[in-house]
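**Student:** The structure is given below, and queries will be raised subsequently.
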Amino acid sequence: MATQEGTSRSSKGKVATQDIDEKTGSAPLPQAPTELSFDPQERAYKLYPAHLATGELDVPEAPTKAVTTEPVQVFRLAAGPSGVLLDLDGERVALSTQQALELKRDLDAAIAGLNY
């Protein structure tokens, strides 16, 4: 890949140097994080309620210690008339229509609080 050096100004007026791809005219994408950390002690941490398929299930304990894990490498979603199928690195999880709607609501709320 041929590159040329380019400059851009940040919001504070400082000049930043980066490699520009001559074919696309764009800067390379930032590296994806190799680990994600979740710490219940952090101010920005939010734990959403557990959703139970039936009232006969016990609610799992909430995490009380920090967790560091790798992000999934591949995810895929399939939908049918009765729900959705999530495939996370080859591990499949089925959600009923109601569970999928509850997940969407929680994801919408969680994504609203992300920094991106």
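In the structure tokens, chains take letters A, B, ... by order of appearance, with residues numbered from 1 within each chain and ligands from 1 in the order shown.
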Compile the contact shell of segment 42-50 of chain A as a PyMOL selection string: residues with an atom at most 12 Å away, counting only C-alpha atoms, same-chain residues fewer than 4 positions apart removed.
**Tutor:** chain A and resi 37-38+54-55+57-67+99+102-103+105-115
**Student:** Neighbours of Ser82 of chain A within 9 Å (only C-alpha atoms; same-chain residues fewer than 3 positions away dropped), as a PDB file with N, CA and C atoms, in the first residue's frame?
**Tutor:**
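See selection17.pdb below for the written result:
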ATOM      1  N   ALA A  79     -32.532 -13.775  11.609  1.00  0.00           N
ATOM      2  CA  ALA A  79     -33.865 -13.492  12.140  1.00  0.00           C
ATOM      3  C   ALA A  79     -34.885 -14.392  11.466  1.00  0.00           C
ATOM      4  N   LEU A  95     -32.851 -16.148  20.740  1.00  0.00           N
ATOM      5  CA  LEU A  95     -33.694 -15.283  21.560  1.00  0.00           C
ATOM      6  C   LEU A  95     -35.098 -15.268  20.968  1.00  0.00           C
ATOM      7  N   SER A  96     -36.100 -15.370  21.833  1.00  0.00           N
ATOM      8  CA  SER A  96     -37.483 -15.228  21.369  1.00  0.00           C
ATOM      9  C   SER A  96     -37.694 -13.782  20.926  1.00  0.00           C
ATOM     10  N   THR A  97     -38.826 -13.531  20.298  1.00  0.00           N
ATOM     11  CA  THR A  97     -39.130 -12.159  19.868  1.00  0.00           C
ATOM     12  C   THR A  97     -39.092 -11.202  21.054  1.00  0.00           C
TER      13      THR A  97
END
**Student:** So that I can check the surroundings of segment 29-32 of chain A, please list as a compact mmCIF listing (two decimals) with N, CA, C and O atoms, in the first residue's frame every protein, DNA and RNA residue that reaches within 10 Å of it, counting only C-alpha atoms and ignoring chain neighbours fewer than 3 positions away.
**Tutor:**
# COMPACT_ATOMS: atom_id res chain seq x y z
N SER A 26 -7.79 8.16 2.26
CA SER A 26 -8.20 8.18 3.67
C SER A 26 -7.10 7.65 4.57
O SER A 26 -6.20 6.94 4.13
N GLU A 35 -8.34 -6.09 24.06
CA GLU A 35 -8.98 -6.46 25.32
C GLU A 35 -9.99 -5.38 25.71
O GLU A 35 -9.76 -4.20 25.46
N PRO A 71 -12.58 -9.08 22.72
CA PRO A 71 -13.82 -8.92 21.96
C PRO A 71 -13.99 -10.08 20.98
O PRO A 71 -13.02 -10.74 20.62
**Student:** Set the distance at 10 Å and use only C-alpha atoms: which residues neighbour Gly90 of chain A once local chain neighbours fewer than 4 positions away are removed? I'd like the list as a ChimeraX atom specification.
**Tutor:** /A:72-76,86
**Student:** From a backbone DSSP assignment, name each residue in chain A labelled strand (DSSP E or B), as a PDB file with C-alpha atoms, in the first residue's frame.
**Tutor:**
ATOM      1  CA  THR A   3       1.147   6.064   1.494  1.00  0.00           C
ATOM      2  CA  GLN A   4       1.823   9.728   1.670  1.00  0.00           C
ATOM      3  CA  GLU A   5       2.220  11.766   4.772  1.00  0.00           C
ATOM      4  CA  GLY A   6      -0.641  14.122   5.473  1.00  0.00           C
ATOM      5  CA  THR A   7      -1.592  16.496   8.210  1.00  0.00           C
ATOM      6  CA  SER A   8      -4.857  17.411   9.821  1.00  0.00           C
ATOM      7  CA  ARG A   9      -5.825  19.802  12.551  1.00  0.00           C
ATOM      8  CA  VAL A  15      -1.375  19.596  13.702  1.00  0.00           C
ATOM      9  CA  ALA A  16      -1.524  15.778  13.657  1.00  0.00           C
ATOM     10  CA  THR A  17       0.524  13.699  11.191  1.00  0.00           C
ATOM     11  CA  GLN A  18      -0.853  10.467   9.739  1.00  0.00           C
ATOM     12  CA  ASP A  19      -0.360   8.141   6.775  1.00  0.00           C
ATOM     13  CA  ILE A  20      -2.820   8.691   3.939  1.00  0.00           C
ATOM     14  CA  ASP A  21      -3.640   5.874   1.493  1.00  0.00           C
ATOM     15  CA  LEU A  36     -12.091  -4.897  26.800  1.00  0.00           C
ATOM     16  CA  SER A  37     -12.362  -4.125  30.509  1.00  0.00           C
ATOM     17  CA  PHE A  38     -15.504  -3.801  32.602  1.00  0.00           C
ATOM     18  CA  VAL A  67     -13.470  -8.333  34.073  1.00  0.00           C
ATOM     19  CA  THR A  68     -11.058  -8.098  31.142  1.00  0.00           C
ATOM     20  CA  THR A  69     -11.849 -10.121  28.049  1.00  0.00           C
ATOM     21  CA  PHE A  75     -20.573 -12.025  14.957  1.00  0.00           C
ATOM     22  CA  ARG A  76     -23.647 -12.645  12.867  1.00  0.00           C
ATOM     23  CA  LEU A  77     -27.382 -12.291  13.319  1.00  0.00           C
ATOM     24  CA  ALA A  78     -30.173 -14.331  11.761  1.00  0.00           C
ATOM     25  CA  ALA A  79     -33.865 -13.492  12.140  1.00  0.00           C
ATOM     26  CA  GLY A  80     -36.974 -15.577  11.738  1.00  0.00           C
ATOM     27  CA  GLY A  83     -37.018 -14.627  17.138  1.00  0.00           C
ATOM     28  CA  VAL A  84     -33.353 -14.103  16.372  1.00  0.00           C
ATOM     29  CA  LEU A  85     -30.219 -16.191  16.398  1.00  0.00           C
ATOM     30  CA  LEU A  86     -26.951 -14.587  17.510  1.00  0.00           C
ATOM     31  CA  ASP A  87     -23.703 -16.218  16.422  1.00  0.00           C
ATOM     32  CA  LEU A  88     -20.717 -14.949  18.437  1.00  0.00           C
ATOM     33  CA  GLU A  91     -21.365 -19.885  19.715  1.00  0.00           C
ATOM     34  CA  ARG A  92     -25.051 -19.634  18.896  1.00  0.00           C
ATOM     35  CA  VAL A  93     -27.711 -18.159  21.159  1.00  0.00           C
ATOM     36  CA  ALA A  94     -31.414 -18.022  20.260  1.00  0.00           C
ATOM     37  CA  LEU A  95     -33.694 -15.283  21.560  1.00  0.00           C
ATOM     38  CA  SER A  96     -37.483 -15.228  21.369  1.00  0.00           C
TER      39      SER A  96
END
**Student:** Identify all residues of chain A in helix (DSSP H, G or I) (DSSP on the backbone) and supply them as a ChimeraX atom specification.
**Tutor:** /A:97-112
**Student:** Go ahead and compute the interatomic distance for atom CA of Ala100 of chain A and atom CA of Glu70 of chain A, in Å to one decimal.
**Tutor:**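 That distance, rounded to one decimal, is 23.9 Å.
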**Student:** Would you compute the distance between atom CA of Lys104 of chain A and atom CA of His51 of chain A? Give it in Å to one decimal.
**Tutor:** 12.2 Å
